[in-house]
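Pasted below: structure_13.cif, mmCIF, C-alpha atoms.
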```cif
data_protein
#
loop_
_atom_site.group_PDB
_atom_site.id
_atom_site.type_symbol
_atom_site.label_atom_id
_atom_site.label_comp_id
_atom_site.auth_asym_id
_atom_site.auth_seq_id
_atom_site.Cartn_x
_atom_site.Cartn_y
_atom_site.Cartn_z
ATOM 1 C CA MET R 1 90.089 105.993 112.519
ATOM 2 C CA GLY R 2 89.755 105.934 116.224
ATOM 3 C CA GLY R 3 87.287 103.280 117.408
ATOM 4 C CA THR R 4 84.312 103.948 115.139
ATOM 5 C CA GLY R 5 84.585 100.649 113.356
ATOM 6 C CA GLU R 6 84.131 102.174 109.902
ATOM 7 C CA LEU R 7 85.578 100.403 106.913
ATOM 8 C CA ARG R 8 88.046 102.453 104.876
ATOM 9 C CA PHE R 9 88.813 102.055 101.191
ATOM 10 C CA ASP R 10 91.146 104.998 100.637
ATOM 11 C CA CYS R 11 94.609 103.547 101.250
ATOM 12 C CA GLY R 12 95.400 103.175 97.555
ATOM 13 C CA ARG R 13 95.500 99.364 97.177
ATOM 14 C CA PRO R 14 93.150 96.520 98.165
ATOM 15 C CA CYS R 15 95.885 94.891 100.270
ATOM 16 C CA LEU R 16 96.349 98.156 102.203
ATOM 17 C CA ASP R 17 92.586 98.516 102.609
ATOM 18 C CA LEU R 18 92.536 95.021 104.119
ATOM 19 C CA VAL R 19 95.245 96.023 106.610
ATOM 20 C CA ALA R 20 93.171 99.127 107.421
ATOM 21 C CA THR R 21 90.536 96.799 108.907
ATOM 22 C CA HIS R 22 92.931 96.280 111.825
ATOM 23 C CA ALA R 23 94.353 99.720 112.531
ATOM 24 C CA GLY R 24 94.444 102.239 115.317
ATOM 25 C CA SER R 25 96.073 102.374 118.697
ATOM 26 C CA PRO R 26 95.144 99.977 120.134
ATOM 27 C CA PRO R 27 94.159 98.168 116.930
ATOM 28 C CA LEU R 28 90.427 97.753 116.397
ATOM 29 C CA ASP R 29 89.355 94.720 114.348
ATOM 30 C CA ARG R 30 86.768 95.930 111.870
ATOM 31 C CA LEU R 31 86.334 92.439 110.390
ATOM 32 C CA ASP R 32 84.410 91.270 113.423
ATOM 33 C CA GLY R 33 82.055 88.893 111.645
ATOM 34 C CA HIS R 34 81.027 87.339 108.359
ATOM 35 C CA SER R 35 78.668 90.184 107.437
ATOM 36 C CA ARG R 36 81.499 92.709 107.904
ATOM 37 C CA LEU R 37 83.778 90.567 105.741
ATOM 38 C CA ARG R 38 81.098 90.521 103.045
ATOM 39 C CA GLU R 39 80.773 94.306 103.363
ATOM 40 C CA TRP R 40 84.542 94.701 103.034
ATOM 41 C CA VAL R 41 84.815 92.434 99.959
ATOM 42 C CA GLU R 42 82.015 94.385 98.263
ATOM 43 C CA GLY R 43 83.432 97.774 99.316
ATOM 44 C CA ALA R 44 86.928 96.861 98.117
ATOM 45 C CA ALA R 45 85.435 96.128 94.670
ATOM 46 C CA LEU R 46 87.077 92.718 94.456
ATOM 47 C CA LEU R 47 84.065 91.523 92.468
ATOM 48 C CA PRO R 48 81.860 93.005 89.769
ATOM 49 C CA ARG R 49 78.831 94.822 91.167
ATOM 50 C CA GLY R 50 76.017 92.411 91.936
ATOM 51 C CA ALA R 51 78.187 89.269 91.931
ATOM 52 C CA ALA R 52 76.926 86.440 94.112
ATOM 53 C CA LEU R 53 78.954 86.157 97.285
ATOM 54 C CA ASP R 54 78.451 83.367 99.798
ATOM 55 C CA VAL R 55 80.899 83.995 102.647
ATOM 56 C CA GLY R 56 81.680 80.665 104.299
ATOM 57 C CA GLN R 57 82.467 80.038 107.963
ATOM 58 C CA ASP R 58 86.163 79.484 107.204
ATOM 59 C CA TRP R 59 86.581 82.746 105.272
ATOM 60 C CA LEU R 60 87.090 85.109 108.198
ATOM 61 C CA PRO R 61 90.120 83.296 109.682
ATOM 62 C CA ALA R 62 91.658 83.021 106.200
ATOM 63 C CA PHE R 63 91.231 86.754 105.529
ATOM 64 C CA THR R 64 92.570 87.764 108.934
ATOM 65 C CA ALA R 65 95.571 85.457 108.464
ATOM 66 C CA LEU R 66 96.397 87.096 105.114
ATOM 67 C CA ARG R 67 95.854 90.503 106.712
ATOM 68 C CA ALA R 68 98.384 89.641 109.440
ATOM 69 C CA THR R 69 100.880 88.510 106.795
ATOM 70 C CA VAL R 70 100.551 91.777 104.861
ATOM 71 C CA GLU R 71 100.755 93.752 108.140
ATOM 72 C CA HIS R 72 104.066 92.049 108.977
ATOM 73 C CA LEU R 73 105.440 92.673 105.488
ATOM 74 C CA LEU R 74 104.397 96.338 105.630
ATOM 75 C CA ALA R 75 105.965 96.831 109.042
ATOM 76 C CA ALA R 76 109.241 95.326 107.834
ATOM 77 C CA GLN R 77 109.157 97.477 104.702
ATOM 78 C CA LEU R 78 108.541 100.683 106.658
ATOM 79 C CA ARG R 79 111.372 99.842 109.088
ATOM 80 C CA GLY R 80 113.694 99.003 106.202
ATOM 81 C CA ASP R 81 114.052 95.411 107.371
ATOM 82 C CA PRO R 82 114.042 92.352 105.122
ATOM 83 C CA PRO R 83 110.747 90.445 105.098
ATOM 84 C CA ALA R 84 110.438 87.306 107.190
ATOM 85 C CA ALA R 85 110.610 84.096 105.149
ATOM 86 C CA ALA R 86 107.417 82.751 106.751
ATOM 87 C CA ASP R 87 105.484 85.874 105.706
ATOM 88 C CA LEU R 88 106.794 85.643 102.135
ATOM 89 C CA ASP R 89 105.866 81.956 101.993
ATOM 90 C CA ALA R 90 102.333 82.682 103.217
ATOM 91 C CA LEU R 91 101.880 85.559 100.745
ATOM 92 C CA ASN R 92 103.185 83.549 97.814
ATOM 93 C CA ALA R 93 101.007 80.557 98.713
ATOM 94 C CA ALA R 94 97.903 82.760 98.741
ATOM 95 C CA ALA R 95 98.890 84.376 95.426
ATOM 96 C CA ARG R 96 99.178 80.980 93.672
ATOM 97 C CA ALA R 97 95.435 80.354 93.612
ATOM 98 C CA ALA R 98 93.507 81.516 90.555
ATOM 99 C CA PRO R 99 91.555 84.757 91.057
ATOM 100 C CA PRO R 100 87.833 84.836 90.196
ATOM 101 C CA ALA R 101 87.338 84.298 86.458
ATOM 102 C CA PRO R 102 85.505 87.145 84.716
ATOM 103 C CA ALA R 103 83.124 86.637 81.825
ATOM 104 C CA ALA R 104 81.684 89.106 79.308
ATOM 105 C CA VAL R 105 77.902 88.745 79.145
ATOM 106 C CA ARG R 106 75.698 90.382 76.538
ATOM 107 C CA GLN R 107 72.992 92.572 78.038
ATOM 108 C CA ASP R 108 69.483 93.097 76.614
ATOM 109 C CA ASP R 109 70.649 96.290 74.883
ATOM 110 C CA GLY R 110 73.549 94.471 73.204
ATOM 111 C CA THR R 111 76.315 95.935 75.403
ATOM 112 C CA LEU R 112 78.674 93.720 77.322
ATOM 113 C CA ALA R 113 78.857 93.623 81.108
ATOM 114 C CA ARG R 114 81.417 91.967 83.334
ATOM 115 C CA PHE R 115 80.194 89.073 85.449
ATOM 116 C CA LEU R 116 81.883 86.161 87.135
ATOM 117 C CA ALA R 117 81.960 82.794 85.416
ATOM 118 C CA SER R 118 81.120 81.183 88.773
ATOM 119 C CA PRO R 119 80.701 82.330 92.385
ATOM 120 C CA PRO R 120 84.068 83.243 93.931
ATOM 121 C CA THR R 121 85.778 81.006 96.424
ATOM 122 C CA CYS R 122 87.633 82.243 99.465
ATOM 123 C CA GLU R 123 90.945 81.170 97.911
ATOM 124 C CA ALA R 124 90.178 83.105 94.717
ATOM 125 C CA LEU R 125 89.469 86.334 96.610
ATOM 126 C CA LEU R 126 92.540 85.880 98.786
ATOM 127 C CA ALA R 127 94.547 85.461 95.581
ATOM 128 C CA VAL R 128 93.349 88.876 94.359
ATOM 129 C CA ILE R 129 94.586 90.517 97.552
ATOM 130 C CA ALA R 130 97.822 88.511 97.709
ATOM 131 C CA ARG R 131 98.653 89.315 94.077
ATOM 132 C CA ASP R 132 98.004 92.982 94.791
ATOM 133 C CA ALA R 133 100.455 92.763 97.717
ATOM 134 C CA VAL R 134 103.029 90.967 95.546
ATOM 135 C CA ASP R 135 102.700 93.760 92.972
ATOM 136 C CA LEU R 136 103.094 96.391 95.692
ATOM 137 C CA PHE R 137 106.131 94.849 97.391
ATOM 138 C CA THR R 138 107.941 94.084 94.131
ATOM 139 C CA ASP R 139 107.409 97.521 92.562
ATOM 140 C CA PRO R 140 110.157 99.918 93.746
ATOM 141 C CA ALA R 141 108.146 103.014 92.789
ATOM 142 C CA ALA R 142 105.069 101.848 94.710
ATOM 143 C CA ARG R 143 107.143 100.804 97.749
ATOM 144 C CA ALA R 144 108.712 104.266 97.821
ATOM 145 C CA ARG R 145 105.228 105.813 98.128
ATOM 146 C CA LEU R 146 104.235 103.790 101.213
ATOM 147 C CA ARG R 147 103.592 106.041 104.206
ATOM 148 C CA ALA R 148 102.334 105.533 107.748
ATOM 149 C CA CYS R 149 99.729 108.091 108.756
ATOM 150 C CA GLU R 150 101.053 110.702 111.181
ATOM 151 C CA GLY R 151 97.624 111.060 112.781
ATOM 152 C CA GLU R 152 97.549 110.386 116.485
ATOM 153 C CA SER R 153 96.502 106.773 117.159
ATOM 154 C CA CYS R 154 95.739 106.077 113.479
ATOM 155 C CA GLY R 155 98.274 103.572 112.199
ATOM 156 C CA LEU R 156 97.003 103.324 108.621
ATOM 157 C CA VAL R 157 99.508 102.728 105.845
ATOM 158 C CA TYR R 158 98.685 104.318 102.493
ATOM 159 C CA LEU R 159 100.198 105.100 99.116
ATOM 160 C CA ASP R 160 101.246 108.720 98.884
ATOM 161 C CA THR R 161 100.146 109.745 95.412
ATOM 162 C CA SER R 162 100.233 113.479 96.165
ATOM 163 C CA ARG R 163 102.079 115.725 93.739
ATOM 164 C CA GLY R 164 105.070 116.511 95.957
ATOM 165 C CA ARG R 165 104.945 113.245 97.932
ATOM 166 C CA ARG R 166 104.433 115.285 101.099
ATOM 167 C CA ARG R 167 101.142 113.823 102.287
ATOM 168 C CA ARG R 168 101.192 113.291 106.058
ATOM 169 C CA TRP R 169 97.817 111.711 106.768
ATOM 170 C CA CYS R 170 95.839 108.767 105.470
ATOM 171 C CA SER R 171 93.020 111.214 104.778
ATOM 172 C CA SER R 172 92.970 114.987 104.909
ATOM 173 C CA GLU R 173 89.291 114.795 105.856
ATOM 174 C CA VAL R 174 89.826 112.366 108.748
ATOM 175 C CA CYS R 175 93.264 112.549 110.399
ATOM 176 C CA GLY R 176 94.296 115.797 108.715
ATOM 177 C CA ASN R 177 91.182 117.539 109.970
ATOM 178 C CA ARG R 178 91.723 116.166 113.488
ATOM 179 C CA GLU R 179 95.281 117.516 113.477
ATOM 180 C CA ARG R 180 94.166 120.963 112.245
ATOM 181 C CA VAL R 181 91.466 121.152 114.934
ATOM 182 C CA ALA R 182 93.951 120.095 117.638
ATOM 183 C CA ARG R 183 96.495 122.668 116.417
ATOM 184 C CA HIS R 184 93.831 125.395 116.455
ATOM 185 C CA ARG R 185 92.809 124.465 119.999
ATOM 186 C CA ARG R 186 96.419 124.566 121.183
ATOM 187 C CA ARG R 187 96.859 128.070 119.723
ATOM 188 C CA ALA R 188 93.509 129.285 121.050
ATOM 189 C CA SER R 189 93.981 127.964 124.598
ATOM 190 C CA PRO R 190 95.138 130.536 127.126
ATOM 191 C CA GLN R 191 98.839 130.371 127.839
ATOM 192 C CA PRO R 192 99.925 130.261 131.497
ATOM 193 C CA ALA R 193 101.163 133.583 132.806
ATOM 194 C CA ARG R 194 104.913 133.879 133.170
ATOM 195 C CA SER R 195 106.303 135.246 136.371
#
```
Go ahead and express the file in the form of structure tokens.
Amino acid sequence: MGGTGELRFDCGRPCLDLVATHAGSPPLDRLDGHSRLREWVEGAALLPRGAALDVGQDWLPAFTALRATVEHLLAAQLRGDPPAAADLDALNAAARAAPPAPAAVRQDDGTLARFLASPPTCEALLAVIARDAVDLFTDPAARARLRACEGESCGLVYLDTSRGRRRRWCSSEVCGNRERVARHRRRASPQPARS
């Protein structure tokens, strides 16, 4: 990830992709403004393509608060610790809101397309992410596939869906490639002469 500020959508779940907006060592906050939050919501496919999205001034603190809650729950899960009651309360409160309501709309050619019945609220979008996190943390099979990337200074958590469950990096193209290049350089560098 390392300081580029790119948004990532390859962690396997929307709640993990939200946490990925605050990853690295030290963590870099990729949700650094309302336009970036809009970009993340669209990139995470929380809404049908082309849905109206009016990101309000209070949205960013609400999203970063939910992100912190999911980060805490993930850290506890990866350590094998029980989740903190305050984090569970915050997650469950966010999950209680109704997600955006979809509607089937007939197109000019007679086919149906998915639209939203009304523009989404902040609470509705947070509910989508919180419900995804509830599903993740309450599904033993999904929890067992959670992995922290082994890439140096990465910190992303992802779902390991590889065949043998031996995936080591959030992305073979990003952290995996960095590790292969570093390993090659170590082998290619001249070794000090022994006396």
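Here CA of Ala104 in chain R and CA of Cys15 in chain R stand 26.0 Å from one another.
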Exercise: Leu126 in chain R partners within 7 Å, all atoms listed in the file, chain neighbours under 4 positions left out, as a list in words: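 With the cut-off at 7 Å, the set is Phe63, Ala94, Cys122 and Ala130 of chain R.
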Given the selection you just returned, output its residues as a file containing C-alpha atoms, formatted as a CSV table (one decimal), in the coordinates of the input.
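Contents of part05.csv, freshly written:
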```
chain,number,residue,atom,x,y,z
R,63,PHE,CA,91.2,86.8,105.5
R,94,ALA,CA,97.9,82.8,98.7
R,122,CYS,CA,87.6,82.2,99.5
R,130,ALA,CA,97.8,88.5,97.7
```
Test item: the PyMOL selection byres ((chain R and resi 153) around 9) resolved as a PyMOL selection string: chain R and resi 1-2+23-27+150-152+154-155
Which residue of R:Gly110, R:Pro140, R:Pro83, R:Pro100 approaches Leu47 in chain R most closely, using all atoms listed in the file: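 When distances to Leu47 in chain R are compared using all atoms listed in the file, the smallest one comes from R:Pro100.
Shortest separation to Arg49 in chain R among R:Leu16, R:Leu88, R:Ala113, R:Ala124 occurs at residue R:Ala113, atoms counted being all atoms listed in the file.
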Spatial neighbours of range 5-13 of chain R, 6 Å, all atoms listed in the file, chain gap at least 3 places, as a list in words: Leu16, Asp17, Arg30, Tyr158 and Leu159 of chain R
Shell around Val70 in chain R at 8 Å using all atoms listed in the file, local window under 2 positions removed, as a PDB file with C-alpha atoms, keeping the file's coordinate frame:
```
ATOM      1  CA  CYS R  15      95.885  94.891 100.270  1.00  0.00           C
ATOM      2  CA  VAL R  19      95.245  96.023 106.610  1.00  0.00           C
ATOM      3  CA  LEU R  66      96.397  87.096 105.114  1.00  0.00           C
ATOM      4  CA  ARG R  67      95.854  90.503 106.712  1.00  0.00           C
ATOM      5  CA  ALA R  68      98.384  89.641 109.440  1.00  0.00           C
ATOM      6  CA  HIS R  72     104.066  92.049 108.977  1.00  0.00           C
ATOM      7  CA  LEU R  73     105.440  92.673 105.488  1.00  0.00           C
ATOM      8  CA  LEU R  74     104.397  96.338 105.630  1.00  0.00           C
ATOM      9  CA  ASP R  87     105.484  85.874 105.706  1.00  0.00           C
ATOM     10  CA  LEU R  91     101.880  85.559 100.745  1.00  0.00           C
ATOM     11  CA  ALA R 133     100.455  92.763  97.717  1.00  0.00           C
TER      12      ALA R 133
END
```
Within 12 Å of Ser162 in chain R using all atoms listed in the file, minus same-chain residues under 2 positions, as a VMD selection string: chain R and resid 12 145 to 147 158 to 160 164 to 172
Please dump the current selection as an mmCIF file, in the frame of the given file; keep C-alpha atoms.
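Ended up saving to again-v4.cif:
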```
data_model
loop_
_atom_site.group_PDB
_atom_site.id
_atom_site.type_symbol
_atom_site.label_atom_id
_atom_site.label_comp_id
_atom_site.auth_asym_id
_atom_site.auth_seq_id
_atom_site.Cartn_x
_atom_site.Cartn_y
_atom_site.Cartn_z
ATOM 1 C CA GLY R 12 95.400 103.175 97.555
ATOM 2 C CA ARG R 145 105.228 105.813 98.128
ATOM 3 C CA LEU R 146 104.235 103.790 101.213
ATOM 4 C CA ARG R 147 103.592 106.041 104.206
ATOM 5 C CA TYR R 158 98.685 104.318 102.493
ATOM 6 C CA LEU R 159 100.198 105.100 99.116
ATOM 7 C CA ASP R 160 101.246 108.720 98.884
ATOM 8 C CA GLY R 164 105.070 116.511 95.957
ATOM 9 C CA ARG R 165 104.945 113.245 97.932
ATOM 10 C CA ARG R 166 104.433 115.285 101.099
ATOM 11 C CA ARG R 167 101.142 113.823 102.287
ATOM 12 C CA ARG R 168 101.192 113.291 106.058
ATOM 13 C CA TRP R 169 97.817 111.711 106.768
ATOM 14 C CA CYS R 170 95.839 108.767 105.470
ATOM 15 C CA SER R 171 93.020 111.214 104.778
ATOM 16 C CA SER R 172 92.970 114.987 104.909
#
```
Contacts of Thr121 in chain R within 9 Å, only C-alpha atoms, excl. fewer than 2 positions in-chain, as a VMD selection string: chain R and resid 53 to 56 99 to 100 118 to 119 123 to 126
Interatomic distance, CA of Ala90 in chain R to CA of Pro102 in chain R (Å, one decimal):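 Separating CA of Ala90 in chain R from CA of Pro102 in chain R is a distance of 25.4 Å.
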CA of Phe115 in chain R to CA of Pro48 in chain R, straight-line distance in Å: 6.1 Å
Just need the box for range 65-70 of chain R, edges along x, y and z, holding every atom the file lists for it with 3 Å tacked onto each side, so centre and edge lengths in Å to one decimal, as lines of an AutoDock Vina configuration file.
```
center_x = 98.2
center_y = 88.6
center_z = 107.2
size_x = 11.3
size_y = 12.3
size_z = 10.6
```
Residue nearest Glu42 in chain R among R:Ala76, R:Pro82, R:Gln57, R:Pro14 (counting all atoms listed in the file):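 Ranked by minimum distance to Glu42 in chain R, first place goes to R:Pro14.
Considering all atoms listed in the file, the residue among R:Thr161, R:Leu37, R:Ala86, R:Ala101 positioned nearest to Ala141 in chain R is R:Thr161.
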Residue nearest Asp32 in chain R among R:Arg178, R:Leu46, R:Glu71, R:Leu60 (counting all atoms listed in the file): R:Leu60
Could you add the missing atoms to range 133-167 of chain R, up to N, CA and C atoms, and return them as a PDB file, keeping the file's coordinate frame?
```
ATOM      1  N   ALA R 133      99.322  92.549  96.801  1.00  0.00           N
ATOM      2  CA  ALA R 133     100.455  92.763  97.717  1.00  0.00           C
ATOM      3  C   ALA R 133     101.777  92.411  97.047  1.00  0.00           C
ATOM      4  N   VAL R 134     101.802  91.326  96.279  1.00  0.00           N
ATOM      5  CA  VAL R 134     103.029  90.967  95.546  1.00  0.00           C
ATOM      6  C   VAL R 134     103.411  92.105  94.606  1.00  0.00           C
ATOM      7  N   ASP R 135     102.431  92.633  93.874  1.00  0.00           N
ATOM      8  CA  ASP R 135     102.700  93.760  92.972  1.00  0.00           C
ATOM      9  C   ASP R 135     103.249  94.958  93.737  1.00  0.00           C
ATOM     10  N   LEU R 136     102.649  95.254  94.884  1.00  0.00           N
ATOM     11  CA  LEU R 136     103.094  96.391  95.692  1.00  0.00           C
ATOM     12  C   LEU R 136     104.527  96.201  96.180  1.00  0.00           C
ATOM     13  N   PHE R 137     104.815  95.061  96.786  1.00  0.00           N
ATOM     14  CA  PHE R 137     106.131  94.849  97.391  1.00  0.00           C
ATOM     15  C   PHE R 137     107.248  94.629  96.378  1.00  0.00           C
ATOM     16  N   THR R 138     106.904  94.299  95.146  1.00  0.00           N
ATOM     17  CA  THR R 138     107.941  94.084  94.131  1.00  0.00           C
ATOM     18  C   THR R 138     108.099  95.267  93.192  1.00  0.00           C
ATOM     19  N   ASP R 139     107.324  96.322  93.385  1.00  0.00           N
ATOM     20  CA  ASP R 139     107.409  97.521  92.562  1.00  0.00           C
ATOM     21  C   ASP R 139     108.145  98.614  93.342  1.00  0.00           C
ATOM     22  N   PRO R 140     109.390  98.920  92.984  1.00  0.00           N
ATOM     23  CA  PRO R 140     110.157  99.918  93.746  1.00  0.00           C
ATOM     24  C   PRO R 140     109.475 101.280  93.832  1.00  0.00           C
ATOM     25  N   ALA R 141     108.813 101.705  92.765  1.00  0.00           N
ATOM     26  CA  ALA R 141     108.146 103.014  92.789  1.00  0.00           C
ATOM     27  C   ALA R 141     106.979 103.004  93.773  1.00  0.00           C
ATOM     28  N   ALA R 142     106.199 101.938  93.777  1.00  0.00           N
ATOM     29  CA  ALA R 142     105.069 101.848  94.710  1.00  0.00           C
ATOM     30  C   ALA R 142     105.567 101.752  96.149  1.00  0.00           C
ATOM     31  N   ARG R 143     106.582 100.926  96.385  1.00  0.00           N
ATOM     32  CA  ARG R 143     107.143 100.804  97.749  1.00  0.00           C
ATOM     33  C   ARG R 143     107.618 102.155  98.276  1.00  0.00           C
ATOM     34  N   ALA R 144     108.194 102.959  97.402  1.00  0.00           N
ATOM     35  CA  ALA R 144     108.712 104.266  97.821  1.00  0.00           C
ATOM     36  C   ALA R 144     107.588 105.223  98.220  1.00  0.00           C
ATOM     37  N   ARG R 145     106.358 104.936  97.790  1.00  0.00           N
ATOM     38  CA  ARG R 145     105.228 105.813  98.128  1.00  0.00           C
ATOM     39  C   ARG R 145     104.475 105.357  99.377  1.00  0.00           C
ATOM     40  N   LEU R 146     104.900 104.254  99.989  1.00  0.00           N
ATOM     41  CA  LEU R 146     104.235 103.790 101.213  1.00  0.00           C
ATOM     42  C   LEU R 146     104.506 104.763 102.349  1.00  0.00           C
ATOM     43  N   ARG R 147     103.466 105.128 103.070  1.00  0.00           N
ATOM     44  CA  ARG R 147     103.592 106.041 104.206  1.00  0.00           C
ATOM     45  C   ARG R 147     102.710 105.545 105.340  1.00  0.00           C
ATOM     46  N   ALA R 148     103.158 105.765 106.564  1.00  0.00           N
ATOM     47  CA  ALA R 148     102.334 105.533 107.748  1.00  0.00           C
ATOM     48  C   ALA R 148     101.716 106.867 108.127  1.00  0.00           C
ATOM     49  N   CYS R 149     100.432 106.858 108.400  1.00  0.00           N
ATOM     50  CA  CYS R 149      99.729 108.091 108.756  1.00  0.00           C
ATOM     51  C   CYS R 149     100.338 108.685 110.018  1.00  0.00           C
ATOM     52  N   GLU R 150     100.516 109.998 110.025  1.00  0.00           N
ATOM     53  CA  GLU R 150     101.053 110.702 111.181  1.00  0.00           C
ATOM     54  C   GLU R 150      99.969 111.096 112.170  1.00  0.00           C
ATOM     55  N   GLY R 151      98.718 110.746 111.869  1.00  0.00           N
ATOM     56  CA  GLY R 151      97.624 111.060 112.781  1.00  0.00           C
ATOM     57  C   GLY R 151      97.760 110.311 114.092  1.00  0.00           C
ATOM     58  N   GLU R 152      97.434 110.993 115.165  1.00  0.00           N
ATOM     59  CA  GLU R 152      97.549 110.386 116.485  1.00  0.00           C
ATOM     60  C   GLU R 152      96.637 109.168 116.581  1.00  0.00           C
ATOM     61  N   SER R 153      97.187 108.054 116.962  1.00  0.00           N
ATOM     62  CA  SER R 153      96.502 106.773 117.159  1.00  0.00           C
ATOM     63  C   SER R 153      95.806 106.260 115.893  1.00  0.00           C
ATOM     64  N   CYS R 154      96.345 106.558 114.720  1.00  0.00           N
ATOM     65  CA  CYS R 154      95.739 106.077 113.479  1.00  0.00           C
ATOM     66  C   CYS R 154      96.371 104.752 113.058  1.00  0.00           C
ATOM     67  N   GLY R 155      97.587 104.790 112.584  1.00  0.00           N
ATOM     68  CA  GLY R 155      98.274 103.572 112.199  1.00  0.00           C
ATOM     69  C   GLY R 155      98.036 103.077 110.792  1.00  0.00           C
ATOM     70  N   LEU R 156      97.221 103.768 109.995  1.00  0.00           N
ATOM     71  CA  LEU R 156      97.003 103.324 108.621  1.00  0.00           C
ATOM     72  C   LEU R 156      98.255 103.514 107.777  1.00  0.00           C
ATOM     73  N   VAL R 157      98.448 102.604 106.837  1.00  0.00           N
ATOM     74  CA  VAL R 157      99.508 102.728 105.845  1.00  0.00           C
ATOM     75  C   VAL R 157      98.814 102.965 104.517  1.00  0.00           C
ATOM     76  N   TYR R 158      99.312 103.930 103.754  1.00  0.00           N
ATOM     77  CA  TYR R 158      98.685 104.318 102.493  1.00  0.00           C
ATOM     78  C   TYR R 158      99.751 104.593 101.445  1.00  0.00           C
ATOM     79  N   LEU R 159      99.304 104.699 100.201  1.00  0.00           N
ATOM     80  CA  LEU R 159     100.198 105.100  99.116  1.00  0.00           C
ATOM     81  C   LEU R 159     100.100 106.607  98.960  1.00  0.00           C
ATOM     82  N   ASP R 160     101.211 107.272  99.060  1.00  0.00           N
ATOM     83  CA  ASP R 160     101.246 108.720  98.884  1.00  0.00           C
ATOM     84  C   ASP R 160     101.322 109.028  97.394  1.00  0.00           C
ATOM     85  N   THR R 161     100.204 109.402  96.832  1.00  0.00           N
ATOM     86  CA  THR R 161     100.146 109.745  95.412  1.00  0.00           C
ATOM     87  C   THR R 161     100.046 111.256  95.214  1.00  0.00           C
ATOM     88  N   SER R 162     100.308 112.021  96.281  1.00  0.00           N
ATOM     89  CA  SER R 162     100.233 113.479  96.165  1.00  0.00           C
ATOM     90  C   SER R 162     101.348 113.985  95.256  1.00  0.00           C
ATOM     91  N   ARG R 163     101.154 115.152  94.719  1.00  0.00           N
ATOM     92  CA  ARG R 163     102.079 115.725  93.739  1.00  0.00           C
ATOM     93  C   ARG R 163     103.513 115.808  94.253  1.00  0.00           C
ATOM     94  N   GLY R 164     103.711 116.349  95.420  1.00  0.00           N
ATOM     95  CA  GLY R 164     105.070 116.511  95.957  1.00  0.00           C
ATOM     96  C   GLY R 164     105.498 115.396  96.892  1.00  0.00           C
ATOM     97  N   ARG R 165     104.678 114.372  97.022  1.00  0.00           N
ATOM     98  CA  ARG R 165     104.945 113.245  97.932  1.00  0.00           C
ATOM     99  C   ARG R 165     105.162 113.748  99.366  1.00  0.00           C
ATOM    100  N   ARG R 166     104.312 114.703  99.759  1.00  0.00           N
ATOM    101  CA  ARG R 166     104.433 115.285 101.099  1.00  0.00           C
ATOM    102  C   ARG R 166     103.199 115.029 101.958  1.00  0.00           C
ATOM    103  N   ARG R 167     102.355 114.129 101.539  1.00  0.00           N
ATOM    104  CA  ARG R 167     101.142 113.823 102.287  1.00  0.00           C
ATOM    105  C   ARG R 167     101.526 113.244 103.647  1.00  0.00           C
TER     106      ARG R 167
END
```
